[in-house]
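query-v4.cif (mmCIF, N, CA and C atoms)
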data_protein
loop_
_atom_site.label_atom_id
_atom_site.label_comp_id
_atom_site.auth_asym_id
_atom_site.auth_seq_id
_atom_site.Cartn_x
_atom_site.Cartn_y
_atom_site.Cartn_z
N MET A 1 76.13 79.37 89.38
CA MET A 1 77.51 79.77 89.33
C MET A 1 77.88 80.44 90.66
N SER A 2 79.02 80.07 91.19
CA SER A 2 79.47 80.59 92.47
C SER A 2 79.85 82.06 92.36
N PRO A 3 79.51 82.86 93.38
CA PRO A 3 79.91 84.26 93.37
C PRO A 3 81.36 84.45 93.83
N VAL A 4 82.07 83.36 94.11
CA VAL A 4 83.44 83.44 94.59
C VAL A 4 84.41 83.22 93.44
N ILE A 5 85.34 84.15 93.29
CA ILE A 5 86.39 84.04 92.28
C ILE A 5 87.67 83.71 93.03
N LYS A 6 88.35 82.65 92.61
CA LYS A 6 89.58 82.22 93.29
C LYS A 6 90.72 82.10 92.29
N GLU A 7 91.91 82.33 92.77
CA GLU A 7 93.11 82.15 91.96
C GLU A 7 94.25 81.77 92.89
N HIS A 8 95.04 80.82 92.47
CA HIS A 8 96.21 80.44 93.25
C HIS A 8 97.40 81.26 92.75
N ALA A 9 98.21 81.67 93.68
CA ALA A 9 99.40 82.46 93.36
C ALA A 9 100.51 82.07 94.33
N ARG A 10 101.67 82.63 94.12
CA ARG A 10 102.78 82.40 95.03
C ARG A 10 103.23 83.74 95.58
N ALA A 11 103.61 83.73 96.84
CA ALA A 11 104.12 84.93 97.50
C ALA A 11 105.48 84.62 98.08
N ARG A 12 106.35 85.59 98.03
CA ARG A 12 107.66 85.46 98.67
C ARG A 12 107.59 86.18 100.00
N LEU A 13 107.93 85.47 101.07
CA LEU A 13 107.94 86.09 102.39
C LEU A 13 109.23 86.88 102.52
N VAL A 14 109.13 88.16 102.75
CA VAL A 14 110.31 89.01 102.86
C VAL A 14 110.82 88.91 104.29
N THR A 15 112.02 88.35 104.41
CA THR A 15 112.66 88.16 105.72
C THR A 15 114.13 88.57 105.59
N ASP A 16 114.87 88.31 106.65
CA ASP A 16 116.31 88.58 106.62
C ASP A 16 117.08 87.48 105.91
N ALA A 17 116.40 86.41 105.52
CA ALA A 17 117.08 85.29 104.86
C ALA A 17 117.61 85.71 103.50
N ARG A 18 118.65 85.03 103.09
CA ARG A 18 119.26 85.34 101.80
C ARG A 18 118.29 85.05 100.65
N ASP A 19 117.66 83.88 100.69
CA ASP A 19 116.65 83.52 99.70
C ASP A 19 115.27 83.68 100.32
N LEU A 20 114.38 84.35 99.62
CA LEU A 20 113.04 84.58 100.14
C LEU A 20 112.21 83.32 99.99
N PRO A 21 111.66 82.79 101.10
CA PRO A 21 110.82 81.60 101.00
C PRO A 21 109.55 81.89 100.20
N VAL A 22 109.18 80.93 99.34
CA VAL A 22 107.98 81.06 98.53
C VAL A 22 106.88 80.21 99.13
N VAL A 23 105.68 80.80 99.29
CA VAL A 23 104.54 80.07 99.82
C VAL A 23 103.36 80.19 98.85
N PRO A 24 102.54 79.15 98.76
CA PRO A 24 101.33 79.26 97.94
C PRO A 24 100.27 80.05 98.69
N VAL A 25 99.55 80.88 97.98
CA VAL A 25 98.44 81.63 98.56
C VAL A 25 97.22 81.46 97.67
N GLU A 26 96.07 81.70 98.25
CA GLU A 26 94.84 81.70 97.46
C GLU A 26 94.24 83.09 97.54
N LEU A 27 93.97 83.66 96.39
CA LEU A 27 93.30 84.95 96.30
C LEU A 27 91.82 84.67 96.14
N ARG A 28 90.98 85.34 96.92
CA ARG A 28 89.54 85.12 96.85
C ARG A 28 88.80 86.44 96.81
N TYR A 29 87.76 86.45 96.00
CA TYR A 29 86.89 87.62 95.89
C TYR A 29 85.47 87.10 95.87
N ASP A 30 84.68 87.46 96.87
CA ASP A 30 83.32 86.96 97.00
C ASP A 30 82.34 88.09 96.75
N THR A 31 81.66 88.03 95.63
CA THR A 31 80.74 89.11 95.26
C THR A 31 79.45 89.09 96.05
N ALA A 32 79.20 88.00 96.79
CA ALA A 32 77.94 87.88 97.53
C ALA A 32 78.02 88.38 98.97
N THR A 33 79.18 88.84 99.42
CA THR A 33 79.31 89.28 100.80
C THR A 33 79.21 90.80 100.91
N ALA A 34 79.07 91.24 102.12
CA ALA A 34 79.01 92.68 102.38
C ALA A 34 80.36 93.35 102.12
N THR A 35 81.42 92.55 102.09
CA THR A 35 82.76 93.10 101.84
C THR A 35 83.21 92.76 100.43
N ALA A 36 82.32 92.93 99.47
CA ALA A 36 82.61 92.57 98.09
C ALA A 36 83.71 93.42 97.46
N ASP A 37 84.14 94.45 98.14
CA ASP A 37 85.22 95.27 97.62
C ASP A 37 86.57 94.86 98.20
N THR A 38 86.62 93.68 98.84
CA THR A 38 87.82 93.22 99.53
C THR A 38 88.33 91.91 98.94
N ILE A 39 89.62 91.84 98.76
CA ILE A 39 90.29 90.62 98.32
C ILE A 39 90.80 89.92 99.58
N GLN A 40 90.54 88.64 99.69
CA GLN A 40 91.09 87.83 100.78
C GLN A 40 92.33 87.11 100.26
N VAL A 41 93.43 87.24 100.99
CA VAL A 41 94.66 86.52 100.66
C VAL A 41 94.84 85.48 101.75
N ALA A 42 94.69 84.20 101.38
CA ALA A 42 94.78 83.10 102.35
C ALA A 42 96.15 82.45 102.25
N PHE A 43 96.84 82.40 103.39
CA PHE A 43 98.17 81.81 103.48
C PHE A 43 98.08 80.40 104.05
N PRO A 44 99.10 79.57 103.84
CA PRO A 44 99.11 78.26 104.49
C PRO A 44 99.05 78.43 106.01
N GLY A 45 98.36 77.54 106.68
CA GLY A 45 98.23 77.64 108.12
C GLY A 45 97.00 78.40 108.56
N GLY A 46 96.25 78.96 107.61
CA GLY A 46 94.99 79.61 107.95
C GLY A 46 95.01 81.12 108.08
N GLU A 47 96.17 81.75 108.06
CA GLU A 47 96.20 83.21 108.16
C GLU A 47 95.60 83.83 106.90
N GLN A 48 94.80 84.88 107.09
CA GLN A 48 94.19 85.59 105.97
C GLN A 48 94.38 87.08 106.12
N TRP A 49 94.64 87.71 105.01
CA TRP A 49 94.71 89.17 104.98
C TRP A 49 93.54 89.66 104.14
N ALA A 50 92.87 90.70 104.60
CA ALA A 50 91.83 91.36 103.84
C ALA A 50 92.43 92.63 103.25
N VAL A 51 92.42 92.71 101.92
CA VAL A 51 93.03 93.85 101.23
C VAL A 51 91.97 94.49 100.34
N PRO A 52 91.70 95.78 100.53
CA PRO A 52 90.73 96.43 99.65
C PRO A 52 91.18 96.31 98.19
N ARG A 53 90.24 95.92 97.33
CA ARG A 53 90.56 95.70 95.92
C ARG A 53 91.13 96.96 95.28
N ASP A 54 90.54 98.11 95.53
CA ASP A 54 91.04 99.33 94.91
C ASP A 54 92.44 99.69 95.40
N LEU A 55 92.75 99.37 96.65
CA LEU A 55 94.09 99.64 97.17
C LEU A 55 95.12 98.77 96.45
N LEU A 56 94.78 97.51 96.25
CA LEU A 56 95.67 96.60 95.53
C LEU A 56 95.88 97.08 94.10
N GLU A 57 94.81 97.51 93.46
CA GLU A 57 94.92 98.01 92.08
C GLU A 57 95.78 99.26 91.99
N ARG A 58 95.56 100.19 92.91
CA ARG A 58 96.36 101.42 92.89
C ARG A 58 97.82 101.13 93.21
N GLY A 59 98.06 100.14 94.10
CA GLY A 59 99.42 99.78 94.47
C GLY A 59 100.22 99.17 93.35
N LEU A 60 99.55 98.68 92.32
CA LEU A 60 100.27 98.16 91.14
C LEU A 60 100.95 99.29 90.37
N ARG A 61 100.46 100.52 90.54
CA ARG A 61 100.99 101.65 89.78
C ARG A 61 101.85 102.61 90.60
N ALA A 62 101.54 102.73 91.91
CA ALA A 62 102.26 103.70 92.75
C ALA A 62 102.10 103.29 94.21
N PRO A 63 103.00 103.74 95.08
CA PRO A 63 102.87 103.41 96.49
C PRO A 63 101.57 103.96 97.08
N VAL A 64 100.90 103.11 97.88
CA VAL A 64 99.67 103.50 98.56
C VAL A 64 99.70 102.96 99.98
N GLU A 65 98.90 103.59 100.84
CA GLU A 65 98.84 103.16 102.24
C GLU A 65 97.44 103.40 102.79
N GLN A 66 96.95 102.42 103.57
CA GLN A 66 95.63 102.55 104.18
C GLN A 66 95.48 101.51 105.26
N ASP A 67 95.01 101.92 106.43
CA ASP A 67 94.65 101.01 107.52
C ASP A 67 95.70 99.93 107.80
N GLY A 68 96.93 100.32 107.95
CA GLY A 68 97.98 99.36 108.30
C GLY A 68 98.53 98.58 107.13
N LEU A 69 98.09 98.86 105.92
CA LEU A 69 98.61 98.20 104.72
C LEU A 69 99.39 99.20 103.89
N ARG A 70 100.54 98.79 103.44
CA ARG A 70 101.33 99.58 102.48
C ARG A 70 101.58 98.68 101.28
N ILE A 71 101.33 99.22 100.10
CA ILE A 71 101.49 98.45 98.87
C ILE A 71 102.23 99.31 97.87
N TRP A 72 103.20 98.70 97.18
CA TRP A 72 103.94 99.45 96.18
C TRP A 72 104.51 98.52 95.12
N PRO A 73 104.67 99.06 93.90
CA PRO A 73 105.30 98.26 92.85
C PRO A 73 106.78 98.12 93.15
N CYS A 74 107.33 96.98 92.79
CA CYS A 74 108.76 96.71 92.99
C CYS A 74 109.31 96.34 91.61
N GLY A 75 109.86 97.31 90.94
CA GLY A 75 110.27 97.08 89.56
C GLY A 75 109.04 97.02 88.67
N ARG A 76 109.18 96.35 87.54
CA ARG A 76 108.08 96.29 86.58
C ARG A 76 107.19 95.07 86.75
N VAL A 77 107.66 94.05 87.48
CA VAL A 77 106.92 92.79 87.49
C VAL A 77 106.55 92.29 88.88
N GLN A 78 106.83 93.07 89.92
CA GLN A 78 106.52 92.60 91.26
C GLN A 78 105.80 93.68 92.06
N LEU A 79 105.12 93.20 93.10
CA LEU A 79 104.36 94.07 93.99
C LEU A 79 104.67 93.67 95.43
N VAL A 80 104.86 94.64 96.29
CA VAL A 80 105.13 94.38 97.70
C VAL A 80 103.91 94.81 98.52
N VAL A 81 103.50 93.92 99.44
CA VAL A 81 102.41 94.23 100.37
C VAL A 81 102.97 94.12 101.78
N GLU A 82 102.86 95.19 102.53
CA GLU A 82 103.37 95.25 103.90
C GLU A 82 102.19 95.45 104.82
N ARG A 83 102.09 94.59 105.84
CA ARG A 83 100.95 94.64 106.76
C ARG A 83 101.45 94.89 108.17
N HIS A 84 100.94 95.96 108.78
CA HIS A 84 101.31 96.33 110.14
C HIS A 84 100.18 95.94 111.09
N THR A 85 100.51 95.17 112.14
CA THR A 85 99.54 94.78 113.18
C THR A 85 100.19 95.03 114.54
N ALA A 86 99.44 94.77 115.58
CA ALA A 86 99.98 94.91 116.94
C ALA A 86 101.11 93.92 117.19
N ASP A 87 101.11 92.81 116.44
CA ASP A 87 102.15 91.79 116.59
C ASP A 87 103.41 92.10 115.81
N GLY A 88 103.38 93.08 114.94
CA GLY A 88 104.56 93.42 114.16
C GLY A 88 104.24 93.71 112.71
N VAL A 89 105.24 93.50 111.87
CA VAL A 89 105.13 93.80 110.44
C VAL A 89 105.38 92.53 109.65
N GLU A 90 104.54 92.29 108.66
CA GLU A 90 104.72 91.18 107.75
C GLU A 90 104.80 91.75 106.34
N VAL A 91 105.73 91.22 105.55
CA VAL A 91 105.93 91.72 104.20
C VAL A 91 105.98 90.54 103.23
N VAL A 92 105.21 90.66 102.15
CA VAL A 92 105.24 89.64 101.10
C VAL A 92 105.40 90.33 99.75
N GLN A 93 105.96 89.57 98.82
CA GLN A 93 106.19 90.08 97.48
C GLN A 93 105.49 89.15 96.49
N PHE A 94 104.74 89.72 95.57
CA PHE A 94 104.00 88.96 94.57
C PHE A 94 104.52 89.30 93.18
N ASP A 95 104.39 88.35 92.27
CA ASP A 95 104.55 88.67 90.85
C ASP A 95 103.26 89.37 90.44
N CYS A 96 103.35 90.38 89.62
CA CYS A 96 102.18 91.17 89.24
C CYS A 96 101.23 90.41 88.31
N ALA A 97 101.76 89.58 87.42
CA ALA A 97 100.91 88.93 86.41
C ALA A 97 99.73 88.17 87.00
N PRO A 98 99.92 87.29 88.00
CA PRO A 98 98.75 86.59 88.55
C PRO A 98 97.77 87.55 89.25
N LEU A 99 98.29 88.59 89.88
CA LEU A 99 97.41 89.57 90.53
C LEU A 99 96.57 90.32 89.52
N ILE A 100 97.18 90.76 88.44
CA ILE A 100 96.45 91.48 87.41
C ILE A 100 95.40 90.58 86.77
N ARG A 101 95.78 89.35 86.48
CA ARG A 101 94.83 88.38 85.91
C ARG A 101 93.63 88.19 86.85
N PHE A 102 93.90 88.02 88.13
CA PHE A 102 92.85 87.84 89.12
C PHE A 102 91.96 89.08 89.22
N LEU A 103 92.55 90.25 89.29
CA LEU A 103 91.78 91.49 89.40
C LEU A 103 90.90 91.69 88.16
N ARG A 104 91.40 91.36 87.00
CA ARG A 104 90.59 91.46 85.78
C ARG A 104 89.38 90.54 85.87
N ARG A 105 89.58 89.34 86.39
CA ARG A 105 88.46 88.41 86.56
C ARG A 105 87.41 88.98 87.51
N THR A 106 87.85 89.67 88.57
CA THR A 106 86.89 90.23 89.52
C THR A 106 86.05 91.32 88.88
N HIS A 107 86.60 91.99 87.90
CA HIS A 107 85.86 93.05 87.22
C HIS A 107 84.98 92.51 86.10
N SER A 108 85.45 91.50 85.40
CA SER A 108 84.72 91.04 84.22
C SER A 108 83.58 90.09 84.57
N ARG A 109 83.65 89.43 85.70
CA ARG A 109 82.62 88.45 86.05
C ARG A 109 81.79 88.98 87.20
N THR A 110 80.67 89.54 86.88
CA THR A 110 79.79 90.06 87.93
C THR A 110 78.62 89.11 88.12
N MET A 111 78.20 88.98 89.34
CA MET A 111 77.10 88.07 89.65
C MET A 111 75.77 88.80 89.75
N THR A 112 75.80 90.11 89.71
CA THR A 112 74.57 90.88 89.91
C THR A 112 73.93 91.34 88.61
N GLY A 113 74.62 91.12 87.51
CA GLY A 113 74.08 91.58 86.23
C GLY A 113 74.48 92.99 85.90
N ALA A 114 75.22 93.63 86.77
CA ALA A 114 75.68 95.00 86.51
C ALA A 114 76.78 94.95 85.47
N LYS A 115 77.00 96.08 84.82
CA LYS A 115 78.07 96.15 83.83
C LYS A 115 79.42 96.02 84.55
N PRO A 116 80.38 95.28 83.95
CA PRO A 116 81.69 95.17 84.56
C PRO A 116 82.37 96.52 84.63
N GLU A 117 83.15 96.71 85.68
CA GLU A 117 83.93 97.94 85.83
C GLU A 117 85.16 97.83 84.95
N ALA A 118 85.85 98.94 84.76
CA ALA A 118 87.09 98.91 83.98
C ALA A 118 88.12 98.10 84.73
N ALA A 119 88.84 97.27 84.01
CA ALA A 119 89.88 96.44 84.61
C ALA A 119 91.13 97.26 84.84
N PRO A 120 91.95 96.86 85.82
CA PRO A 120 93.20 97.59 86.08
C PRO A 120 94.17 97.44 84.93
N ALA A 121 95.10 98.37 84.85
CA ALA A 121 96.11 98.35 83.78
C ALA A 121 97.03 97.18 83.90
#
What does this structure look like when you write it as structure tokens?
Amino acid sequence: MSPVIKEHARARLVTDARDLPVVPVELRYDTATATADTIQVAFPGGEQWAVPRDLLERGLRAPVEQDGLRIWPCGRVQLVVERHTADGVEVVQFDCAPLIRFLRRTHSRTMTGAKPEAAPA
């Protein structure tokens, strides 16, 4: 069984446009790597964001910030992730349901035989 957990989701790119463009993303969690506490968000074109799993989980409930990432709930069903780099700021908005489902899978399916951690709310 692969130590990689994947889920497809959609993200809305937050821009000045009237309608926010929707792009497919792949969420990945690899339990076999040294960065097993990090979620990879892969965008079309090859760009990837590394987001600490606990930061994403905490951001579902309240605004959080760490290492150039800001995450906060937007209403009851959406989450905003803002990434600051030397090139500027990128902002995407996710529906919470696929993120919560994915995060629960990362907790319930362990490859090391350890007991699963508590899943996020």
Looking at A:Thr85, A:Thr38, A:Thr31, A:Gln93, which one is nearest to A:Arg12, with distances taken over all atoms listed in the file? A:Gln93
Evaluating the PyMOL selection byres ((chain A and resi 24) around 5) on the displayed file yields which residues, as a list in words?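 When the PyMOL selection byres ((chain A and resi 24) around 5) is applied to the shown file, the picked residues are Ala9, Arg10, Val22, Val23, Val25 and Glu26 of chain A.
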What is the distance, in Å and to one decimal place, between atom CA of A:Val14 and atom N of A:Arg83?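 Rounded to one decimal, the two atoms are 10.4 Å apart.
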Given the PyMOL selection byres ((chain A and resi 77) around 7), the residues it picks as a list in words: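 For this structure, the PyMOL selection byres ((chain A and resi 77) around 7) resolves to Cys74, Gly75, Arg76, Gln78, Leu79, Phe94, Asp95, Cys96 and Ala97 of chain A.
Under the PyMOL selection byres ((chain A and resi 30) around 7), the matching residues in the shown file are Pro3, Val4, Ile5, Arg28, Tyr29, Thr31, Ala32, Thr33, Thr35, Ala36, Asp37, Thr38, Ile39 and Gln40 of chain A.
Among the candidate residues A:Arg18, A:Arg53, A:His84, A:His8, the one lying nearest to A:Arg104 is A:Arg53, with distances computed using only C-alpha atoms.
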For a test of reading the model, state the distance in Å between atom CA of A:Ala42 and atom C of A:Leu27, rounded to one decimal. 7.1 Å
Among chain A, which residues carry a DSSP assignment of strand (DSSP E), reported as a PyMOL selection string? chain A and resi 4-13+22-30+38-42+48-52+64-66+69-74+78-85+88-95
Measure the distance from atom C of A:Lys6 to atom CA of A:Gln66 in Å and round it to one decimal. 24.2 Å
As a ChimeraX atom specification, please: every residue in stretch 4-97 of chain A that a backbone DSSP assignment puts in alpha helix (DSSP H). /A:53-59,96-97
Near-A:Leu60 list (6 Å; all atoms listed in the file; drop same-chain fewer than 4 positions) as an NGL selection string: :A and (56 or 72-73)
Using all atoms listed in the file, can you list as a PDB file with N, CA and C atoms, keeping the file's coordinate frame the residues within 5 Å of (91.2, 86.5, 90.7)?
ATOM      1  N   LYS A   6      88.350  82.650  92.610  1.00  0.00           N
ATOM      2  CA  LYS A   6      89.580  82.220  93.290  1.00  0.00           C
ATOM      3  C   LYS A   6      90.720  82.100  92.290  1.00  0.00           C
ATOM      4  N   GLU A   7      91.910  82.330  92.770  1.00  0.00           N
ATOM      5  CA  GLU A   7      93.110  82.150  91.960  1.00  0.00           C
ATOM      6  C   GLU A   7      94.250  81.770  92.890  1.00  0.00           C
ATOM      7  N   ARG A 101      95.780  89.350  86.480  1.00  0.00           N
ATOM      8  CA  ARG A 101      94.830  88.380  85.910  1.00  0.00           C
ATOM      9  C   ARG A 101      93.630  88.190  86.850  1.00  0.00           C
ATOM     10  N   PHE A 102      93.900  88.020  88.130  1.00  0.00           N
ATOM     11  CA  PHE A 102      92.850  87.840  89.120  1.00  0.00           C
ATOM     12  C   PHE A 102      91.960  89.080  89.220  1.00  0.00           C
ATOM     13  N   LEU A 103      92.550  90.250  89.290  1.00  0.00           N
ATOM     14  CA  LEU A 103      91.780  91.490  89.400  1.00  0.00           C
ATOM     15  C   LEU A 103      90.900  91.690  88.160  1.00  0.00           C
TER      16      LEU A 103
END
Is it possible to produce a file of stretch 12-25 of chain A from this structure, with N, CA and C atoms, as an mmCIF file, in the first residue's frame?
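Final output, saved to part20.cif:
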data_model
loop_
_atom_site.group_PDB
_atom_site.id
_atom_site.type_symbol
_atom_site.label_atom_id
_atom_site.label_comp_id
_atom_site.auth_asym_id
_atom_site.auth_seq_id
_atom_site.Cartn_x
_atom_site.Cartn_y
_atom_site.Cartn_z
ATOM 1 N N ARG A 12 -10.277 28.288 -5.937
ATOM 2 C CA ARG A 12 -10.606 29.525 -6.646
ATOM 3 C C ARG A 12 -9.435 30.475 -6.472
ATOM 4 N N LEU A 13 -8.909 30.954 -7.586
ATOM 5 C CA LEU A 13 -7.811 31.913 -7.526
ATOM 6 C C LEU A 13 -8.409 33.279 -7.231
ATOM 7 N N VAL A 14 -7.994 33.880 -6.150
ATOM 8 C CA VAL A 14 -8.530 35.183 -5.759
ATOM 9 C C VAL A 14 -7.745 36.248 -6.504
ATOM 10 N N THR A 15 -8.460 36.951 -7.380
ATOM 11 C CA THR A 15 -7.872 38.011 -8.204
ATOM 12 C C THR A 15 -8.817 39.207 -8.200
ATOM 13 N N ASP A 16 -8.494 40.189 -9.021
ATOM 14 C CA ASP A 16 -9.367 41.349 -9.166
ATOM 15 C C ASP A 16 -10.542 41.072 -10.090
ATOM 16 N N ALA A 17 -10.562 39.901 -10.716
ATOM 17 C CA ALA A 17 -11.639 39.565 -11.651
ATOM 18 C C ALA A 17 -12.968 39.449 -10.927
ATOM 19 N N ARG A 18 -14.014 39.708 -11.661
ATOM 20 C CA ARG A 18 -15.351 39.636 -11.081
ATOM 21 C C ARG A 18 -15.689 38.202 -10.650
ATOM 22 N N ASP A 19 -15.412 37.244 -11.534
ATOM 23 C CA ASP A 19 -15.612 35.832 -11.212
ATOM 24 C C ASP A 19 -14.257 35.198 -10.921
ATOM 25 N N LEU A 20 -14.165 34.478 -9.824
ATOM 26 C CA LEU A 20 -12.900 33.863 -9.445
ATOM 27 C C LEU A 20 -12.670 32.611 -10.282
ATOM 28 N N PRO A 21 -11.538 32.549 -11.006
ATOM 29 C CA PRO A 21 -11.255 31.356 -11.802
ATOM 30 C C PRO A 21 -11.056 30.135 -10.897
ATOM 31 N N VAL A 22 -11.616 29.004 -11.333
ATOM 32 C CA VAL A 22 -11.495 27.757 -10.587
ATOM 33 C C VAL A 22 -10.451 26.879 -11.264
ATOM 34 N N VAL A 23 -9.519 26.331 -10.471
ATOM 35 C CA VAL A 23 -8.493 25.440 -11.004
ATOM 36 C C VAL A 23 -8.507 24.131 -10.215
ATOM 37 N N PRO A 24 -8.204 23.023 -10.880
ATOM 38 C CA PRO A 24 -8.082 21.757 -10.153
ATOM 39 C C PRO A 24 -6.743 21.705 -9.435
ATOM 40 N N VAL A 25 -6.743 21.179 -8.234
ATOM 41 C CA VAL A 25 -5.503 20.987 -7.478
ATOM 42 C C VAL A 25 -5.473 19.554 -6.969
#
